[in-house]
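Q: Take a look at data-v8.txt, compact mmCIF, C-alpha atoms:
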# COMPACT_ATOMS: atom_id res chain seq x y z
CA MET A 1 123.54 126.56 204.43
CA LEU A 2 120.99 129.27 203.66
CA LYS A 3 120.67 131.90 206.34
CA ARG A 4 117.27 132.13 208.00
CA ILE A 5 115.33 135.17 206.78
CA ARG A 6 114.64 137.57 209.61
CA ARG A 7 111.34 139.33 209.14
CA ARG A 8 109.68 142.39 210.56
CA TYR A 9 105.98 143.03 210.92
CA LEU A 10 104.67 146.58 210.72
CA ALA A 11 101.31 147.64 212.14
CA LEU A 12 99.96 150.55 210.12
CA GLU A 13 97.26 153.12 210.58
CA ILE A 14 95.65 154.41 207.39
CA ASP A 15 94.83 158.04 208.12
CA SER A 16 92.16 159.11 205.66
CA GLY A 17 88.52 160.02 205.51
CA GLU A 18 88.00 157.43 202.75
CA LEU A 19 87.95 153.64 202.79
CA PHE A 20 90.22 151.55 200.59
CA ASP A 21 90.24 147.85 199.86
CA SER A 22 93.35 145.80 200.51
CA ARG A 23 94.31 145.68 196.85
CA GLU A 24 94.20 149.46 196.41
CA PHE A 25 96.26 149.80 199.59
CA MET A 26 98.97 147.33 198.60
CA ASP A 27 99.17 148.74 195.05
CA ALA A 28 99.82 152.16 196.56
CA VAL A 29 102.49 150.76 198.92
CA TRP A 30 104.25 148.96 196.08
CA SER A 31 104.12 152.03 193.88
CA ALA A 32 105.60 154.19 196.67
CA VAL A 33 108.49 151.73 197.10
CA LEU A 34 108.96 151.55 193.33
CA LYS A 35 108.97 155.33 192.96
CA LEU A 36 111.65 155.84 195.59
CA TYR A 37 113.85 152.75 195.22
CA GLY A 38 113.07 151.33 191.79
CA GLU A 39 112.42 147.72 190.84
CA TYR A 40 115.69 146.49 192.34
CA GLY A 41 114.91 148.07 195.72
CA ALA A 42 111.31 146.83 195.65
CA SER A 43 112.50 143.30 194.91
CA ARG A 44 114.59 143.35 198.10
CA ALA A 45 111.72 144.51 200.32
CA GLY A 46 109.80 141.21 200.37
CA LEU A 47 106.54 143.02 201.07
CA THR A 48 103.49 140.97 201.99
CA LEU A 49 100.12 142.00 203.35
CA ILE A 50 99.37 139.99 206.48
CA ASP A 51 96.21 141.57 207.82
CA TYR A 52 93.89 144.31 206.65
CA ASP A 53 90.89 145.81 208.37
CA MET A 54 89.16 148.29 206.08
CA GLU A 55 86.72 149.58 208.70
CA LYS A 56 89.34 150.11 211.39
CA ARG A 57 91.80 151.49 208.83
CA PHE A 58 94.42 149.12 210.15
CA ALA A 59 96.93 146.97 208.27
CA VAL A 60 99.82 144.66 209.03
CA ILE A 61 102.53 144.16 206.46
CA ARG A 62 105.63 142.01 206.51
CA THR A 63 109.07 142.86 205.21
CA VAL A 64 112.60 141.59 205.62
CA HIS A 65 114.51 143.18 208.50
CA THR A 66 117.12 144.74 206.17
CA ALA A 67 114.38 146.67 204.33
CA VAL A 68 112.52 148.14 207.32
CA ASP A 69 114.04 151.61 206.90
CA MET A 70 113.30 151.56 203.20
CA VAL A 71 109.67 150.56 203.76
CA ARG A 72 109.32 153.12 206.56
CA THR A 73 110.50 155.88 204.21
CA ALA A 74 108.28 154.72 201.37
CA LEU A 75 105.23 154.59 203.66
CA ALA A 76 105.97 158.08 204.96
CA SER A 77 106.19 159.38 201.39
CA MET A 78 102.68 158.16 200.52
CA THR A 79 100.24 161.03 200.12
CA ARG A 80 97.50 159.45 197.99
CA ILE A 81 95.75 156.21 197.29
CA GLY A 82 94.15 156.63 193.89
CA ASN A 83 93.13 160.25 193.95
CA LYS A 84 92.25 160.39 197.62
CA PRO A 85 94.57 162.03 200.15
CA VAL A 86 96.01 159.69 202.75
CA ALA A 87 98.77 159.41 205.34
CA ILE A 88 100.14 156.08 206.52
CA HIS A 89 101.46 156.04 210.06
CA ILE A 90 103.50 153.20 211.52
CA LEU A 91 102.10 152.17 214.88
CA ARG A 92 104.56 149.40 215.76
CA VAL A 93 107.35 147.32 214.31
CA SER A 94 107.97 143.86 215.66
CA GLY A 95 109.74 140.59 214.93
CA THR A 96 106.71 138.39 215.51
CA ILE A 97 103.03 138.81 214.76
CA LYS A 98 102.12 137.83 218.30
CA SER A 99 104.18 140.58 219.93
CA LEU A 100 103.09 143.07 217.26
CA TYR A 101 99.44 142.66 218.21
CA LYS A 102 100.35 142.77 221.87
CA LYS A 103 102.21 146.05 221.39
CA ALA A 104 99.71 147.56 218.95
CA THR A 105 96.75 146.98 221.26
CA LYS A 106 98.52 148.51 224.28
CA MET B 1 114.54 159.88 229.57
CA LYS B 2 111.85 160.08 226.93
CA ARG B 3 112.86 162.06 223.87
CA ILE B 4 110.89 165.21 223.11
CA TYR B 5 110.05 165.81 219.47
CA ALA B 6 109.45 169.16 217.83
CA ASP B 7 108.13 170.47 214.55
CA LEU B 8 109.11 174.10 214.15
CA HIS B 9 107.29 174.84 210.93
CA LEU B 10 103.54 174.48 210.81
CA CYS B 11 101.58 176.89 208.65
CA PRO B 12 97.84 176.58 209.41
CA ASN B 13 95.38 179.16 208.18
CA LEU B 14 95.29 181.46 211.22
CA LYS B 15 91.98 183.01 210.14
CA ASP B 16 90.32 179.62 210.54
CA SER B 17 90.50 178.81 214.25
CA LYS B 18 88.99 175.34 213.70
CA HIS B 19 91.80 174.49 211.28
CA VAL B 20 94.40 175.74 213.76
CA SER B 21 92.93 173.59 216.54
CA GLN B 22 92.88 170.55 214.24
CA ILE B 23 96.53 171.02 213.27
CA ILE B 24 97.59 171.46 216.90
CA SER B 25 95.70 168.40 218.15
CA LYS B 26 96.97 166.36 215.21
CA ALA B 27 100.56 167.32 216.08
CA SER B 28 99.94 166.25 219.66
CA LYS B 29 98.45 162.95 218.49
CA LEU B 30 101.45 162.30 216.25
CA GLY B 31 103.80 162.54 219.23
CA TYR B 32 105.14 166.10 219.11
CA ARG B 33 105.56 167.95 222.38
CA LEU B 34 106.69 171.25 220.88
CA ILE B 35 105.49 172.97 217.74
CA ALA B 36 106.02 176.36 216.19
CA ILE B 37 103.42 178.08 214.06
CA THR B 38 104.39 180.72 211.56
CA PHE B 39 102.76 183.97 212.63
CA PRO B 40 102.43 187.13 210.57
CA SER B 41 104.66 189.84 212.05
CA ASN B 42 101.65 192.01 212.96
CA LEU B 43 99.83 189.34 215.00
CA THR B 44 98.62 190.70 218.31
CA GLU B 45 99.76 189.41 221.72
CA GLU B 46 96.14 188.52 222.50
CA GLU B 47 95.92 186.30 219.43
CA ILE B 48 99.18 184.56 220.36
CA ARG B 49 97.85 184.00 223.89
CA ARG B 50 94.66 182.46 222.47
CA LEU B 51 96.71 180.04 220.36
CA ARG B 52 98.85 179.16 223.37
CA ASN B 53 95.70 178.26 225.28
CA ILE B 54 94.55 175.97 222.47
CA SER B 55 97.90 174.20 222.52
CA LYS B 56 97.85 173.96 226.28
CA GLU B 57 94.56 172.10 226.01
CA ALA B 58 96.16 169.72 223.51
CA LYS B 59 99.12 169.25 225.94
CA ILE B 60 101.63 170.64 223.52
CA ASP B 61 104.06 173.51 223.83
CA LEU B 62 103.73 176.30 221.25
CA ALA B 63 106.55 178.55 220.16
CA SER B 64 105.99 181.70 218.15
CA ARG B 65 107.79 181.92 214.84
CA VAL B 66 108.08 184.53 212.16
CA ASP B 67 109.36 184.01 208.63
CA LEU B 68 111.31 186.92 207.22
CA LYS B 69 111.55 187.29 203.46
CA PRO B 70 113.71 190.37 202.97
CA LYS B 71 114.91 191.51 199.59
CA THR B 72 118.12 193.15 200.84
CA PRO B 73 120.47 192.64 203.82
CA GLU B 74 119.49 196.10 205.12
CA GLU B 75 115.83 195.10 205.13
CA LEU B 76 116.78 191.94 207.05
CA ILE B 77 118.67 193.92 209.70
CA TYR B 78 115.72 196.31 210.05
CA ASP B 79 113.26 193.41 210.46
CA LEU B 80 115.48 191.67 213.00
CA ARG B 81 115.79 194.81 215.09
CA LYS B 82 112.01 195.21 215.05
CA LEU B 83 110.94 191.60 215.61
CA ARG B 84 113.68 189.73 217.47
CA ARG B 85 112.29 190.41 220.92
CA ARG B 86 108.72 189.58 219.92
CA PHE B 87 109.16 186.06 218.54
CA GLU B 88 110.82 182.94 219.89
CA ILE B 89 111.99 181.73 216.50
CA ILE B 90 113.13 183.79 213.54
CA ALA B 91 113.52 182.05 210.22
CA VAL B 92 114.87 183.73 207.12
CA ILE B 93 113.67 182.62 203.72
CA CYS B 94 116.81 183.15 201.68
CA GLU B 95 115.95 184.18 198.16
CA SER B 96 119.13 186.07 197.33
CA LYS B 97 122.76 185.42 198.05
CA ASN B 98 123.32 188.71 199.91
CA VAL B 99 120.41 188.04 202.24
CA ALA B 100 121.56 184.45 202.80
CA ARG B 101 125.06 185.58 203.76
CA GLN B 102 123.78 188.28 206.12
CA ALA B 103 121.33 185.86 207.73
CA ALA B 104 124.04 183.23 208.26
CA LYS B 105 126.34 185.59 210.12
CA ASP B 106 123.69 187.42 212.16
CA ARG B 107 123.35 185.81 215.60
CA ARG B 108 119.72 186.88 215.85
CA VAL B 109 118.70 184.46 213.08
CA ASP B 110 117.69 180.95 214.15
CA LEU B 111 116.82 179.18 210.94
CA LEU B 112 117.98 179.45 207.36
CA ASN B 113 115.41 178.21 204.89
CA PHE B 114 116.05 177.72 201.17
CA PRO B 115 112.71 177.08 199.51
CA SER B 116 113.73 177.39 195.87
CA LEU B 117 113.80 174.26 193.71
CA ASP B 118 116.28 175.85 191.33
CA PHE B 119 119.78 174.82 192.45
CA ARG B 120 121.14 178.24 191.35
CA ARG B 121 118.89 179.91 193.90
CA ARG B 122 119.85 177.66 196.81
CA PHE B 123 122.69 179.44 198.49
CA PHE B 124 123.72 176.95 201.15
CA ASP B 125 127.29 176.36 200.02
CA LYS B 126 130.57 176.06 201.94
CA ALA B 127 130.90 179.83 202.46
CA GLU B 128 127.36 180.04 203.81
CA ALA B 129 127.97 177.05 206.10
CA GLU B 130 131.17 178.57 207.46
CA LEU B 131 129.34 181.79 208.31
CA ALA B 132 126.49 179.87 209.90
CA SER B 133 128.87 177.73 211.97
CA ASN B 134 130.32 180.90 213.50
CA GLY B 135 126.83 182.23 214.21
CA LEU B 136 123.82 180.51 215.72
CA ALA B 137 121.78 179.74 212.63
CA SER B 138 120.64 176.22 211.76
CA LEU B 139 119.75 174.85 208.37
CA GLU B 140 116.04 174.13 208.14
CA ILE B 141 114.87 171.44 205.74
CA ASP B 142 111.15 171.31 205.01
CA ILE B 143 109.77 167.89 204.16
CA LYS B 144 106.65 169.16 202.40
CA PRO B 145 108.21 169.46 198.91
CA LEU B 146 109.51 165.90 199.22
CA LEU B 147 105.94 164.74 199.67
CA THR B 148 104.29 166.90 197.06
CA LEU B 149 106.83 166.80 194.25
CA GLU B 150 107.26 163.90 191.89
CA GLY B 151 109.61 162.76 189.17
CA PRO B 152 112.53 164.92 187.99
CA ALA B 153 111.66 167.82 190.33
CA ARG B 154 111.91 165.55 193.39
CA ILE B 155 115.11 163.98 192.05
CA ARG B 156 116.71 167.42 191.70
CA LEU B 157 115.52 168.47 195.14
CA LEU B 158 116.94 165.32 196.74
CA SER B 159 120.25 165.88 195.05
CA ASN B 160 120.36 169.48 196.36
CA LEU B 161 119.36 168.41 199.87
CA ARG B 162 122.01 165.68 199.89
CA ARG B 163 124.69 168.23 199.01
CA GLU B 164 123.44 170.76 201.60
CA ALA B 165 123.15 168.17 204.39
CA THR B 166 126.70 166.98 203.72
CA ILE B 167 128.04 170.56 203.84
CA ALA B 168 126.09 171.33 207.02
CA GLN B 169 127.48 168.26 208.78
CA LYS B 170 131.01 169.02 207.64
CA PHE B 171 130.82 172.55 209.10
CA HIS B 172 128.86 171.48 212.21
CA VAL B 173 125.81 173.54 211.31
CA PRO B 174 122.81 172.01 213.12
CA ILE B 175 120.09 170.67 210.83
CA VAL B 176 116.43 171.08 211.74
CA ILE B 177 113.87 168.98 209.92
CA SER B 178 110.41 170.49 209.85
CA SER B 179 107.23 169.56 208.04
CA GLY B 180 106.38 173.01 206.59
CA VAL B 181 102.81 171.90 205.97
CA SER B 182 99.46 173.64 206.13
CA ASP B 183 97.48 170.50 205.45
CA GLU B 184 96.71 167.85 208.07
CA THR B 185 97.15 164.89 205.73
CA LEU B 186 100.75 165.91 205.02
CA MET B 187 101.70 165.82 208.70
CA ARG B 188 103.97 162.94 209.65
CA LYS B 189 105.21 161.41 212.91
CA PRO B 190 108.68 162.56 214.02
CA LYS B 191 110.25 159.20 213.25
CA GLU B 192 108.65 159.29 209.80
CA LEU B 193 110.21 162.70 209.15
CA ALA B 194 113.54 161.22 210.25
CA ALA B 195 113.01 158.26 207.93
CA LEU B 196 112.40 160.63 205.01
CA ALA B 197 115.73 162.29 205.84
CA SER B 198 117.44 159.05 204.85
CA LEU B 199 116.55 159.99 201.26
CA PHE B 200 119.19 162.69 201.43
CA ASP B 201 121.68 160.45 203.22
CA LEU B 202 121.28 161.79 206.73
CA ASP B 203 122.14 159.00 209.15
CA GLU B 204 119.50 157.87 211.64
CA ALA B 205 121.04 159.47 214.73
CA SER B 206 121.48 162.87 213.03
CA ALA B 207 117.95 162.70 211.62
CA ILE B 208 116.47 162.00 215.06
CA GLU B 209 118.48 164.90 216.49
CA ALA B 210 117.15 167.10 213.70
CA VAL B 211 113.58 166.54 214.93
CA SER B 212 114.32 166.61 218.64
CA LYS B 213 117.56 167.96 220.13
CA ASN B 214 118.35 170.67 217.56
CA PRO B 215 114.93 172.38 217.45
CA LEU B 216 114.57 172.12 221.24
CA ALA B 217 117.95 173.78 221.73
CA ILE B 218 116.86 176.77 219.61
CA VAL B 219 113.64 177.29 221.55
CA LYS B 220 115.34 176.82 224.93
CA ARG B 221 118.09 179.30 224.06
CA ASN B 222 115.65 181.93 222.83
CA ARG B 223 113.24 181.56 225.73
CA GLU B 224 116.13 182.10 228.07
CA LYS B 225 117.18 185.19 226.13
CA LEU B 226 113.66 186.60 226.04
CA GLY B 227 113.14 185.93 229.72
CA PRO B 228 113.34 188.76 232.28
CA ARG B 229 116.42 187.29 234.02
CA PHE B 230 118.66 187.29 230.96
CA VAL B 231 121.43 189.89 230.85
CA ALA B 232 123.97 188.50 228.40
CA PRO B 233 125.07 185.00 227.35
CA GLY B 234 126.21 183.29 230.56
CA ILE B 235 124.96 186.11 232.80
CA ARG B 236 121.52 186.13 234.34
CA ILE B 237 119.84 187.74 237.30
CA ILE B 238 119.48 185.32 240.19
CA ARG B 239 117.94 187.65 242.77
CA ARG B 240 116.77 191.24 242.90
CA GLY B 241 117.03 193.36 246.03
CA LYS B 242 118.73 196.24 247.74
CA ASP B 243 121.88 194.41 248.75
CA CYS B 244 122.21 191.03 247.15
Could I get this file's structure written as structure tokens?
A:
Amino acid sequence: MLKRIRRRYLALEIDSGELFDSREFMDAVWSAVLKLYGEYGASRAGLTLIDYDMEKRFAVIRTVHTAVDMVRTALASMTRIGNKPVAIHILRVSGTIKSLYKKATK
Amino acid sequence: MKRIYADLHLCPNLKDSKHVSQIISKASKLGYRLIAITFPSNLTEEEIRRLRNISKEAKIDLASRVDLKPKTPEELIYDLRKLRRRFEIIAVICESKNVARQAAKDRRVDLLNFPSLDFRRRFFDKAEAELASNGLASLEIDIKPLLTLEGPARIRLLSNLRREATIAQKFHVPIVISSGVSDETLMRKPKELAALASLFDLDEASAIEAVSKNPLAIVKRNREKLGPRFVAPGIRIIRRGKDC
């Protein structure tokens, strides 16, 4: 029987003076993972954008629980989206979306 | 007990007080409770006091740090004699092998920093680690080049850092992970710095210690030494009086 996939949800703060749309943001995340871990590593991350608020500079992404450290490192290594300087900070990591929002809004 | 995080290498432009305040408040916001700013060796006590007040307002502890960049071991000894009692942290930027060896064995040095990207000019090998393990020096790893470099340069740097971190752990030389940044957007949370340390194969527990326990131990030790009650390691004045 296939093992159930355990997922992790990451609440992110996009620290920049500029605004980015969700596509620009996810492209930058993918490219950071690709740069550090290559295509094989990126394929194991199972990255998905769950929620994105451009105005609040807030995002929620999903990954598999075995790739959390990898995604955390890749996010910390991001310094630009396009040509604009940016820093991505992880606010919370959680196993369910419900508890993530609960923790993130605390 | 809540863990206290420290970043011992921030390099704001000290002439721009607004920039300094921004960096300090950003560090506080990111979760640091102790930071060290690199001061020029001729900075006045008044200026240091002013910066301490700014950090007090941001609810963050500030330690004074000076980076020595001597060309010869003699110059290093001279600088140490002159500056050791004025600064809480002394880091030596090792650009030659002789200086690196002297810095590793001198108990007045707190941090050994190897900024060069050329592996031939990074002198943290087994001999250096053995000297450092007998002294008090820690290996400082700045994260800034990991963020700013790309491609082959970053690959080479990671390979060097991996080798140095392994040697340091083998010889029980404490590792201190610092940001080394002068720009706000390159500042990262302590756990993010620790996550970046996984790129050079530092395990999670050691990486967390490198941003909390190890830097705190340096500052605590030096504050005790610089305090008025300190006599010698293990001996301190408890009470003053005629017959105590």
Q: Taking only C-alpha atoms into account, which residues of chain B are within 10 Å of chain A, as a count of residues only?
A: 26
Q: Between A:Ile81, A:Met54, A:Leu2, A:Ala45, which has the minimum distance to Glu24 of chain A (counting all atoms listed in the file)?
A: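 Closest to Glu24 of chain A of all the choices is A:Ile81.
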Q: Using only C-alpha atoms, which of B:Pro73, B:Ile35, B:Lys97, B:Ile90 sits nearest Val109 of chain B?
A: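 Among B:Pro73, B:Ile35, B:Lys97, B:Ile90, it is B:Ile90 that comes nearest to Val109 of chain B.
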Q: Name the residues in contact with Ala6 of chain B at a cut-off of 9 Å, using only C-alpha atoms, excluding same-chain residues fewer than 3 positions from it; report them as JSON, numbers by chain.
A: {"B": [31, 32, 33, 34, 35, 36, 178, 190, 210, 211, 212, 213, 215, 216]}
Q: One decimal, Å: what's the distance from atom CA of Ser96 of chain B over to atom CA of Asp67 of chain B, could you say?
A: 15.1 Å
Q: Kindly provide, as AutoDock Vina command-line options, the centre and edge lengths (Å, one decimal) of an axis-aligned box around all atoms of segment 94-110 of chain B given in the file, with 8 Å on each side.
A:
--center_x 121.1 --center_y 184.8 --center_z 206.6 --size_x 26.4 --size_y 23.8 --size_z 34.5
Q: From the options B:Ile237, B:Ala27, B:Val231, B:Ala132, which residue's atoms come nearest to Asp183 of chain B, counting all atoms listed in the file?
A: B:Ala27
Q: Would you kindly place N, CA and C atoms on segment 25-59 of chain A and return the model as an mmCIF file, in the coordinates of the input?
A:
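Contents of part08.cif, as written:
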data_model
loop_
_atom_site.group_PDB
_atom_site.id
_atom_site.type_symbol
_atom_site.label_atom_id
_atom_site.label_comp_id
_atom_site.auth_asym_id
_atom_site.auth_seq_id
_atom_site.Cartn_x
_atom_site.Cartn_y
_atom_site.Cartn_z
ATOM 1 N N PHE A 25 95.245 149.437 198.601
ATOM 2 C CA PHE A 25 96.260 149.800 199.590
ATOM 3 C C PHE A 25 97.620 149.232 199.207
ATOM 4 N N MET A 26 97.667 147.938 198.907
ATOM 5 C CA MET A 26 98.970 147.330 198.600
ATOM 6 C C MET A 26 99.553 147.861 197.292
ATOM 7 N N ASP A 27 98.680 148.143 196.317
ATOM 8 C CA ASP A 27 99.170 148.740 195.050
ATOM 9 C C ASP A 27 99.870 150.064 195.337
ATOM 10 N N ALA A 28 99.240 150.849 196.231
ATOM 11 C CA ALA A 28 99.820 152.160 196.560
ATOM 12 C C ALA A 28 101.156 152.000 197.297
ATOM 13 N N VAL A 29 101.230 150.997 198.197
ATOM 14 C CA VAL A 29 102.490 150.760 198.920
ATOM 15 C C VAL A 29 103.590 150.352 197.942
ATOM 16 N N TRP A 30 103.263 149.400 197.070
ATOM 17 C CA TRP A 30 104.250 148.960 196.080
ATOM 18 C C TRP A 30 104.704 150.128 195.204
ATOM 19 N N SER A 31 103.734 150.940 194.789
ATOM 20 C CA SER A 31 104.120 152.030 193.880
ATOM 21 C C SER A 31 104.981 153.074 194.602
ATOM 22 N N ALA A 32 104.745 153.265 195.917
ATOM 23 C CA ALA A 32 105.600 154.190 196.670
ATOM 24 C C ALA A 32 107.030 153.652 196.769
ATOM 25 N N VAL A 33 107.155 152.337 197.024
ATOM 26 C CA VAL A 33 108.490 151.730 197.100
ATOM 27 C C VAL A 33 109.177 151.810 195.735
ATOM 28 N N LEU A 34 108.395 151.503 194.696
ATOM 29 C CA LEU A 34 108.960 151.550 193.330
ATOM 30 C C LEU A 34 109.445 152.944 192.951
ATOM 31 N N LYS A 35 108.621 153.944 193.309
ATOM 32 C CA LYS A 35 108.970 155.330 192.960
ATOM 33 C C LYS A 35 110.283 155.761 193.603
ATOM 34 N N LEU A 36 110.458 155.381 194.877
ATOM 35 C CA LEU A 36 111.650 155.840 195.590
ATOM 36 C C LEU A 36 112.875 154.967 195.356
ATOM 37 N N TYR A 37 112.687 153.650 195.257
ATOM 38 C CA TYR A 37 113.850 152.750 195.220
ATOM 39 C C TYR A 37 113.967 151.924 193.945
ATOM 40 N N GLY A 38 113.002 152.058 193.062
ATOM 41 C CA GLY A 38 113.070 151.330 191.790
ATOM 42 C C GLY A 38 112.747 149.852 191.951
ATOM 43 N N GLU A 39 112.816 149.137 190.835
ATOM 44 C CA GLU A 39 112.420 147.720 190.840
ATOM 45 C C GLU A 39 113.409 146.879 191.646
ATOM 46 N N TYR A 40 114.675 147.244 191.594
ATOM 47 C CA TYR A 40 115.690 146.490 192.340
ATOM 48 C C TYR A 40 115.419 146.602 193.844
ATOM 49 N N GLY A 41 115.187 147.830 194.297
ATOM 50 C CA GLY A 41 114.910 148.070 195.720
ATOM 51 C C GLY A 41 113.638 147.353 196.152
ATOM 52 N N ALA A 42 112.595 147.451 195.317
ATOM 53 C CA ALA A 42 111.310 146.830 195.650
ATOM 54 C C ALA A 42 111.462 145.313 195.754
ATOM 55 N N SER A 43 112.316 144.756 194.905
ATOM 56 C CA SER A 43 112.500 143.300 194.910
ATOM 57 C C SER A 43 113.180 142.831 196.199
ATOM 58 N N ARG A 44 113.897 143.727 196.861
ATOM 59 C CA ARG A 44 114.590 143.350 198.100
ATOM 60 C C ARG A 44 113.726 143.548 199.342
ATOM 61 N N ALA A 45 112.544 144.173 199.147
ATOM 62 C CA ALA A 45 111.720 144.510 200.320
ATOM 63 C C ALA A 45 110.933 143.313 200.846
ATOM 64 N N GLY A 46 110.579 142.393 199.962
ATOM 65 C CA GLY A 46 109.800 141.210 200.370
ATOM 66 C C GLY A 46 108.496 141.589 201.045
ATOM 67 N N LEU A 47 107.781 142.518 200.444
ATOM 68 C CA LEU A 47 106.540 143.020 201.070
ATOM 69 C C LEU A 47 105.383 142.037 200.932
ATOM 70 N N THR A 48 104.689 141.821 202.021
ATOM 71 C CA THR A 48 103.490 140.970 201.990
ATOM 72 C C THR A 48 102.449 141.568 202.924
ATOM 73 N N LEU A 49 101.204 141.549 202.469
ATOM 74 C CA LEU A 49 100.120 142.000 203.350
ATOM 75 C C LEU A 49 99.714 140.833 204.252
ATOM 76 N N ILE A 50 99.706 141.058 205.538
ATOM 77 C CA ILE A 50 99.370 139.990 206.480
ATOM 78 C C ILE A 50 97.934 140.124 206.970
ATOM 79 N N ASP A 51 97.545 141.358 207.276
ATOM 80 C CA ASP A 51 96.210 141.570 207.820
ATOM 81 C C ASP A 51 95.720 142.934 207.351
ATOM 82 N N TYR A 52 94.429 143.021 207.085
ATOM 83 C CA TYR A 52 93.890 144.310 206.650
ATOM 84 C C TYR A 52 92.472 144.456 207.166
ATOM 85 N N ASP A 53 92.236 145.532 207.881
ATOM 86 C CA ASP A 53 90.890 145.810 208.370
ATOM 87 C C ASP A 53 90.449 147.155 207.807
ATOM 88 N N MET A 54 89.567 147.076 206.798
ATOM 89 C CA MET A 54 89.160 148.290 206.080
ATOM 90 C C MET A 54 88.437 149.267 207.016
ATOM 91 N N GLU A 55 87.539 148.720 207.840
ATOM 92 C CA GLU A 55 86.720 149.580 208.700
ATOM 93 C C GLU A 55 87.570 150.295 209.767
ATOM 94 N N LYS A 56 88.503 149.520 210.335
ATOM 95 C CA LYS A 56 89.340 150.110 211.390
ATOM 96 C C LYS A 56 90.515 150.888 210.831
ATOM 97 N N ARG A 57 90.680 150.828 209.528
ATOM 98 C CA ARG A 57 91.800 151.490 208.830
ATOM 99 C C ARG A 57 93.140 151.030 209.437
ATOM 100 N N PHE A 58 93.254 149.725 209.505
ATOM 101 C CA PHE A 58 94.420 149.120 210.150
ATOM 102 C C PHE A 58 94.990 148.043 209.231
ATOM 103 N N ALA A 59 96.307 148.002 209.116
ATOM 104 C CA ALA A 59 96.930 146.970 208.270
ATOM 105 C C ALA A 59 98.188 146.457 208.938
#
